[in-house]
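Asks: Sending over a structure as structure tokens; questions will come in a sec.
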Amino acid sequence: MRRSYIGKGMLACVLLSALVAAGCENAGPTAPPPDTYDPRWQGAQQEGGGIFGSGVTLFGDEEEGAASAGIGVNAFLWRASLDTISFMPLLSADPFGGVIITDWYAPPETPDERFKMTVYILTRTLRSDGVQVSVFRQERGADGLWEDGPTNPDTAISLEDKILDRAREIRTASLP
């Protein structure tokens, strides 16, 4: 009885290997790096509007004013967010997910206090509820270690308003 289990297991491994090998034979060429020329991809990029064919929209509908040229969120909100928090060092910026995370920043006036922000862009359209800001604050304790401190909720709201104002300015400037 033990031999039948081993035999079935080996047969399953052989069949799985054959399926994987057969799938890889038909995979086709992989996309070249963006700075190289590969003639295999030239036809796909010229005919049908891209490698996914015509009519496929990946990052929102341009007609809705999303202005999403190459990013997954509203370009006006994205640019406005980066402009508004440009005084802080960036830790991470994901234009497809719409998340901007800053590193800790200590204002020169108050070196025993530091701030960190996370900006979430929630929509592909320019709307008042399309951006959310989280502000984190730490204070240096008597022992020299950083301790979490309270933040004023109006700070996040004020930053959101500034981002929305800047996004409207950018949009207005881009209109013909």
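Going through the structure tokens in order, the chains are called A, B, and so on, while each chain numbers its residues from 1 and the ligands are numbered from 1 in the order shown.
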Got a sec: who's within 9 Å of segment 113-125 of chain A, counting only C-alpha atoms, leaving out chain neighbours fewer than 2 positions off, as a PyMOL selection string?

Replies: chain A and resi 59-61+64-68+72-78+81+85+88+97-107+110-111+127+129-140+146+156+160

Asks: Counting only C-alpha atoms, which of A:Asp112, A:Asp94, A:Glu169, A:Asp154 gets nearest to Leu126 of chain A?

Replies: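 Smallest distance to Leu126 of chain A is found for A:Glu169.
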